[in-house]
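Structure file start_12.cif (mmCIF, C-alpha atoms) follows.
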data_input
loop_
_atom_site.label_atom_id
_atom_site.label_comp_id
_atom_site.auth_asym_id
_atom_site.auth_seq_id
_atom_site.Cartn_x
_atom_site.Cartn_y
_atom_site.Cartn_z
CA MET A 1 12.91 8.20 26.89
CA SER A 2 10.84 11.18 27.95
CA GLY A 3 8.78 13.56 25.91
CA SER A 4 5.29 13.77 24.52
CA PHE A 5 3.48 15.33 21.59
CA GLU A 6 1.49 18.31 20.45
CA THR A 7 -2.00 18.11 19.01
CA ALA A 8 -3.49 21.25 17.48
CA LEU A 9 -6.42 21.39 15.06
CA HIS A 10 -8.67 24.35 15.85
CA SER A 11 -10.97 24.75 12.83
CA ILE A 12 -9.54 21.87 10.81
CA THR A 13 -12.34 19.37 10.23
CA ILE A 14 -10.53 16.62 8.32
CA ALA A 15 -8.92 15.15 11.44
CA SER A 16 -9.61 14.25 15.05
CA PRO A 17 -7.26 15.35 17.86
CA ALA A 18 -5.68 12.74 20.08
CA THR A 19 -5.34 12.23 23.80
CA PRO A 20 -2.84 9.89 25.47
CA THR A 21 -5.67 7.81 26.95
CA GLY A 22 -7.43 7.50 23.59
CA LEU A 23 -4.27 6.50 21.78
CA ALA A 24 -3.36 3.89 24.38
CA ALA A 25 -6.73 2.23 23.82
CA LEU A 26 -6.21 1.88 20.06
CA HIS A 27 -3.30 -0.57 19.98
CA PRO A 28 -0.68 -2.01 22.35
CA SER A 29 2.10 -0.21 20.47
CA TRP A 30 0.40 3.13 21.07
CA ALA A 31 0.01 2.18 24.73
CA ARG A 32 3.77 1.60 24.74
CA ASP A 33 4.31 5.07 23.26
CA VAL A 34 2.10 6.65 25.89
CA ASP A 35 4.14 4.95 28.62
CA ASP A 36 7.56 5.59 27.06
CA LEU A 37 6.94 9.23 26.21
CA GLY A 38 5.44 10.36 29.49
CA PRO A 39 4.99 12.39 31.55
CA TRP A 40 2.52 14.28 29.38
CA HIS A 41 2.23 18.05 29.71
CA GLU A 42 -1.05 19.63 28.70
CA VAL A 43 -0.86 22.99 26.95
CA PRO A 44 -3.69 25.18 25.56
CA GLU A 45 -3.67 23.36 22.21
CA GLY A 46 -3.22 19.82 23.54
CA PHE A 47 0.12 18.26 24.43
CA GLU A 48 3.73 19.29 23.92
CA THR A 49 6.81 17.18 23.26
CA GLY A 50 10.22 17.59 24.81
CA MET A 51 11.78 15.98 21.72
CA GLN A 52 10.86 18.70 19.23
CA ALA A 53 14.40 20.06 19.05
CA SER A 54 15.77 16.95 17.32
CA ALA A 55 12.84 15.64 15.33
CA GLY A 56 10.92 18.87 14.75
CA PRO A 57 7.43 19.59 16.14
CA VAL A 58 5.12 16.57 15.87
CA ILE A 59 1.34 16.93 15.72
CA VAL A 60 -0.42 13.69 16.66
CA LEU A 61 -3.95 12.87 15.53
CA ASP A 62 -6.27 10.08 16.51
CA SER A 63 -7.62 9.79 12.96
CA CYS A 64 -7.76 11.78 9.74
CA ALA A 65 -8.62 11.44 6.08
CA SER A 66 -4.89 11.31 5.35
CA THR A 67 -1.87 12.84 7.02
CA MET A 68 -1.02 14.49 3.68
CA ASP A 69 -4.31 16.37 3.62
CA ALA A 70 -4.14 17.26 7.31
CA ALA A 71 -0.55 18.50 6.97
CA PHE A 72 -1.46 20.60 3.93
CA GLU A 73 -4.35 22.27 5.74
CA MET A 74 -2.15 23.00 8.74
CA ALA A 75 0.62 24.39 6.54
CA LEU A 76 -1.87 26.69 4.80
CA ALA A 77 -2.94 27.94 8.22
CA ASP A 78 0.72 28.60 9.16
CA ARG A 79 0.63 25.89 11.84
CA LEU A 80 3.09 23.49 10.23
CA SER A 81 6.59 24.83 9.62
CA PRO A 82 9.30 23.07 7.59
CA TRP A 83 10.57 19.94 9.40
CA ALA A 84 7.33 19.70 11.40
CA SER A 85 5.28 16.55 10.95
CA VAL A 86 1.83 15.05 11.41
CA VAL A 87 1.36 11.51 12.77
CA ALA A 88 -2.03 9.80 12.77
CA ALA A 89 -2.92 6.56 14.50
CA ARG A 90 -5.51 5.91 11.75
CA GLN A 91 -6.17 7.18 8.23
CA GLU A 92 -9.54 6.85 6.59
CA GLN A 93 -8.31 7.65 3.08
CA GLY A 94 -4.59 6.95 3.16
CA ARG A 95 -3.01 6.93 -0.27
CA GLY A 96 0.18 5.97 -2.05
CA GLN A 97 1.53 6.50 -5.55
CA LEU A 98 -1.06 7.30 -8.23
CA ARG A 99 -3.58 7.85 -5.41
CA ARG A 100 -3.77 4.12 -4.74
CA GLY A 101 -5.30 3.29 -1.38
CA TRP A 102 -2.96 2.66 1.57
CA VAL A 103 -4.16 0.31 4.31
CA SER A 104 -3.79 2.34 7.51
CA THR A 105 -4.15 0.13 10.56
CA PRO A 106 -3.54 1.38 14.13
CA GLY A 107 -0.09 0.24 15.23
CA ASN A 108 1.54 1.10 11.93
CA LEU A 109 3.21 4.45 11.27
CA HIS A 110 1.35 7.02 9.18
CA VAL A 111 3.19 10.34 8.98
CA THR A 112 3.64 13.39 6.77
CA LEU A 113 6.69 15.63 7.05
CA ARG A 114 6.80 19.16 5.70
CA LEU A 115 10.06 19.76 3.86
CA PRO A 116 12.00 22.91 3.13
CA GLU A 117 12.50 23.86 -0.50
CA PHE A 118 14.98 21.63 -2.33
CA SER A 119 17.74 23.06 -4.49
CA ALA A 120 17.16 22.92 -8.23
CA ALA A 121 19.96 20.36 -8.61
CA PHE A 122 18.16 17.87 -6.37
CA ALA A 123 14.51 18.71 -7.11
CA ALA A 124 14.04 15.92 -9.67
CA LEU A 125 15.62 13.42 -7.28
CA CYS A 126 13.37 14.30 -4.35
CA PRO A 127 11.55 10.91 -4.15
CA LEU A 128 14.83 9.01 -4.31
CA LEU A 129 16.44 11.29 -1.74
CA LEU A 130 13.61 10.66 0.69
CA GLY A 131 13.62 6.91 0.17
CA TYR A 132 17.35 6.91 0.83
CA ALA A 133 17.00 9.12 3.91
CA ALA A 134 14.28 6.85 5.34
CA SER A 135 16.43 3.77 4.73
CA VAL A 136 19.39 5.36 6.51
CA ALA A 137 17.18 6.52 9.39
CA LEU A 138 16.01 2.97 10.05
CA GLU A 139 19.53 1.66 10.62
CA PRO A 140 19.78 2.90 14.25
CA LEU A 141 16.58 0.94 14.88
CA GLY A 142 18.30 -2.25 13.74
CA VAL A 143 16.60 -2.50 10.35
CA ASP A 144 18.34 -2.89 6.98
CA THR A 145 16.22 -1.89 4.00
CA LEU A 146 16.57 -1.47 0.25
CA VAL A 147 14.95 1.24 -1.87
CA LYS A 148 12.66 0.04 -4.64
CA TRP A 149 12.64 2.75 -7.31
CA PRO A 150 11.51 5.35 -6.79
CA ASN A 151 10.64 5.32 -3.07
CA ASP A 152 9.38 2.06 -1.58
CA LEU A 153 11.21 0.35 1.29
CA LEU A 154 11.90 -3.38 1.19
CA THR A 155 13.28 -6.00 3.53
CA SER A 156 13.73 -9.70 2.87
CA GLY A 157 10.15 -10.12 4.03
CA GLY A 158 8.72 -7.89 1.29
CA LYS A 159 7.53 -4.30 1.01
CA VAL A 160 7.42 -2.71 4.45
CA GLY A 161 6.92 0.94 3.60
CA GLY A 162 6.35 3.56 0.98
CA LEU A 163 6.73 7.29 0.52
CA LEU A 164 4.68 9.83 -1.38
CA VAL A 165 5.93 13.30 -2.34
CA GLU A 166 3.50 16.09 -3.17
CA GLU A 167 3.92 19.80 -3.79
CA ARG A 168 0.85 22.01 -3.53
CA ARG A 169 0.89 25.81 -3.59
CA GLY A 170 4.61 25.79 -2.93
CA ILE A 171 4.24 23.49 0.09
CA LEU A 172 6.44 20.38 -0.19
CA LEU A 173 5.25 17.34 1.76
CA VAL A 174 6.41 13.74 2.06
CA GLY A 175 4.02 11.14 3.42
CA MET A 176 5.25 7.80 4.69
CA GLY A 177 3.62 4.58 5.79
CA LEU A 178 5.56 1.87 7.62
CA ASN A 179 4.23 -1.55 8.58
CA LEU A 180 5.27 -1.83 12.21
CA SER A 181 2.61 -4.21 13.48
CA HIS A 182 0.45 -5.24 10.54
CA ALA A 183 1.00 -6.06 6.86
CA PRO A 184 -1.92 -5.95 4.42
CA LEU A 185 -3.17 -9.35 3.32
CA VAL A 186 -2.87 -10.32 -0.34
CA GLY A 187 -6.54 -9.54 -0.88
CA GLU A 188 -5.98 -5.99 0.42
CA LEU A 189 -3.20 -5.27 -2.07
CA ARG A 190 -3.76 -4.05 -5.61
CA ARG A 191 -3.99 -6.85 -8.14
CA ASP A 192 -0.75 -5.95 -9.90
CA HIS A 193 1.38 -5.64 -6.75
CA ALA A 194 5.04 -6.45 -7.32
CA LEU A 195 5.85 -7.92 -3.91
CA ALA A 196 4.12 -9.26 -0.84
CA ALA A 197 3.81 -6.90 2.12
CA GLY A 198 5.98 -7.44 5.18
CA VAL A 199 6.35 -6.10 8.71
CA LEU A 200 9.37 -4.29 10.15
CA ARG A 201 10.64 -6.19 13.15
CA LEU A 202 12.18 -3.67 15.53
CA ASP A 203 14.32 -4.96 18.37
CA PRO A 204 13.50 -3.74 20.93
CA PRO A 205 9.92 -3.08 19.82
CA ARG A 206 8.88 0.57 19.53
CA GLY A 207 5.56 2.26 19.03
CA PRO A 208 4.78 4.39 15.95
CA LEU A 209 5.55 7.71 17.61
CA CYS A 210 8.82 6.55 19.21
CA THR A 211 9.84 5.12 15.84
CA TRP A 212 9.09 8.40 14.07
CA LEU A 213 10.95 10.54 16.61
CA VAL A 214 14.10 8.55 15.83
CA MET A 215 13.47 8.46 12.08
CA GLY A 216 12.45 12.11 11.77
CA SER A 217 15.65 13.41 13.30
CA GLY A 218 17.71 10.89 11.31
CA MET A 219 16.09 11.85 8.01
CA ARG A 220 16.71 15.51 8.71
CA ARG A 221 20.41 14.90 9.36
CA THR A 222 20.76 12.69 6.29
CA LEU A 223 19.01 15.12 3.96
CA ASN A 224 21.01 18.10 5.19
CA GLY A 225 24.25 16.17 4.75
CA THR A 226 23.36 14.74 1.34
CA LEU A 227 22.18 18.06 -0.09
CA ALA A 228 25.60 19.52 0.66
CA GLY A 229 27.10 17.18 -1.96
CA SER A 230 26.35 16.61 -5.64
CA PRO A 231 23.53 14.67 -7.34
CA ARG A 232 26.05 12.43 -9.11
CA ASP A 233 27.75 11.53 -5.81
CA PHE A 234 24.38 10.79 -4.24
CA LEU A 235 23.27 8.49 -7.05
CA THR A 236 26.50 6.56 -7.49
CA ARG A 237 28.13 6.42 -4.07
CA LEU A 238 25.24 6.66 -1.62
CA LEU A 239 22.05 5.35 -3.22
CA ARG A 240 23.36 2.69 -5.60
CA PRO A 241 24.28 0.14 -2.87
CA ARG A 242 20.73 0.42 -1.51
CA LEU A 243 18.86 -0.12 -4.78
CA ALA A 244 16.61 -3.17 -4.88
CA PHE A 245 16.95 -5.48 -7.91
CA LEU A 246 20.22 -3.91 -9.10
CA GLY A 247 21.83 -6.20 -11.68
CA ARG A 248 18.70 -8.38 -11.94
CA ARG A 249 16.26 -8.88 -14.77
CA VAL A 250 13.14 -6.80 -14.24
CA ARG A 251 9.97 -5.78 -16.00
CA VAL A 252 8.91 -2.13 -15.90
CA VAL A 253 5.23 -1.49 -16.56
CA ASP A 254 3.92 1.96 -17.41
CA GLY A 255 0.31 1.76 -18.52
CA SER A 256 0.19 -0.44 -21.61
CA THR A 257 3.98 -0.24 -22.10
CA GLN A 258 6.25 -2.97 -20.77
CA VAL A 259 10.04 -3.10 -20.90
CA GLU A 260 12.16 -6.08 -19.81
CA GLY A 261 15.89 -6.17 -19.24
CA VAL A 262 18.64 -5.95 -16.65
CA PHE A 263 18.39 -3.10 -14.14
CA GLU A 264 21.78 -1.39 -14.52
CA GLY A 265 21.20 1.54 -12.18
CA LEU A 266 20.06 5.13 -12.43
CA ASP A 267 20.91 7.97 -14.77
CA GLU A 268 21.90 11.39 -13.42
CA ASP A 269 18.28 12.55 -13.57
CA GLY A 270 17.08 9.58 -11.53
CA SER A 271 15.65 7.61 -14.45
CA LEU A 272 15.97 3.83 -14.66
CA ARG A 273 18.63 2.36 -16.94
CA ILE A 274 17.43 -0.94 -18.39
CA ASP A 275 19.79 -3.00 -20.56
CA ARG A 276 17.87 -4.76 -23.31
CA SER A 277 20.94 -6.41 -24.83
CA GLY A 278 20.18 -8.23 -28.04
CA ARG A 279 17.05 -6.20 -28.67
CA GLU A 280 16.42 -3.08 -30.65
CA GLY A 281 17.14 -0.03 -28.56
CA GLY A 282 19.80 -1.58 -26.34
CA MET A 283 19.98 0.55 -23.20
CA VAL A 284 16.75 2.43 -22.46
CA ARG A 285 15.93 5.03 -19.82
CA LEU A 286 12.57 5.08 -18.10
CA TYR A 287 11.12 7.95 -16.09
CA SER A 288 7.95 6.38 -14.73
CA GLY A 289 6.33 3.01 -14.17
CA SER A 290 6.32 0.12 -11.71
CA ILE A 291 9.30 -2.21 -11.47
CA TYR A 292 8.84 -5.98 -11.05
CA PRO A 293 11.64 -8.50 -10.42
CA LEU A 294 11.75 -11.47 -12.81
#

Please re-express this file's structure in structure tokens.
Amino acid sequence: MSGSFETALHSITIASPATPTGLAALHPSWARDVDDLGPWHEVPEGFETGMQASAGPVIVLDSCASTMDAAFEMALADRLSPWASVVAARQEQGRGQLRRGWVSTPGNLHVTLRLPEFSAAFAALCPLLLGYAASVALEPLGVDTLVKWPNDLLTSGGKVGGLLVEERRGILLVGMGLNLSHAPLVGELRRDHALAAGVLRLDPPRGPLCTWLVMGSGMRRTLNGTLAGSPRDFLTRLLRPRLAFLGRRVRVVDGSTQVEGVFEGLDEDGSLRIDRSGREGGMVRLYSGSIYPL
């Protein structure tokens, strides 16, 4: 594989630009990326990739507060177009759902992708769409994953990734973390975590940037193809076979509210359908919360 990356920050102060030599020193998987993606071509703003046409422009940072914040600042400055992305070897303040901290170790993938505007029909399903697209994009890398509602990625070894969707000032961003070389220890997870963390085992092994170049182009193809259909078709034919815990008893916790029952699937608006047979209320629909297998 040949190519490289672009790094461009100018006046942005929330991130540090990268160099191939600096990245290679951070982790063996980044050293592999530096080798696999060479030769590197220096341009006025840093380095430029020959793979931009398929995956979109990729801006690579040594470290940043979070790729979400860095991507937002770049988008505001008109330096991050739709389908462009920001990859960081390290995040100092990585975050997941509900602004929970995300352990961001060098060797794992930390990326934010700027998205084009979604159609009104799919807007409410955006987190599910992206979880599905990420799951599909991992298949060419030899990884089978399930989507834990609304947008975590699971393998038999546990939770291996998560996605976060944010819209600010009309800028739509999706951040993703994937455990490629390191899984947080139990003590690093929040106390109410649903599953243990796992590591994606890619065969052959790939570095974070090589992994993202494959995934980014795959997610773009999947999203473009899926958005040409209907929300109902997406939920029933495409996403349903990939849903974690489908048909199993689960507990859904939303603050002080807890609901137990059988996870029957998703409604047309993306809400959970929980069958509480034998209890008052029968089938209930839930729009938020954390899902735990029982």

Practice task
For the structure shown, which residues end up in the PyMOL selection byres ((chain A and resi 27) around 10)? Put them as JSON, numbers by chain, please?
Solution key: {"A": [22, 23, 24, 25, 26, 28, 29, 30, 31, 32, 89, 105, 106, 107, 108, 181, 207]}

Fill in the blank from the handout: The residue from A:Ala84, A:Met68, A:Met219, A:Val199 with the smallest atom-to-atom distance to A:His110, counting only C-alpha atoms, is A:Met68

Exercise for the section: Between atom CA of A:Arg240 and atom CA of A:Leu213, measure the distance and give it in Å to one decimal. Expected result: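 Taking atom CA of A:Arg240 as the start and atom CA of A:Leu213 as the end point, the length is 26.6 Å.
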
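The spacing separating atom CA of A:Ser63 from atom CA of A:Arg90 amounts to 4.6 Å.
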
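Omitting A:Val143 and its sequence neighbours fewer than 4 positions away, and counting all atoms listed in the file, the residues within 7 Å are Leu138, Glu139 and Leu202 of chain A.
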
Problem - Reference answer for the PyMOL selection byres ((chain A and resi 230) around 12), as a ChimeraX atom specification - result: /A:119-122,125,129,225-229,231-238,268

Fill in the blank from the handout: The residue from A:Ile171, A:Ile274, A:Val253, A:Val147 with the smallest atom-to-atom distance to A:Glu73, counting all atoms listed in the file, is A:Ile171
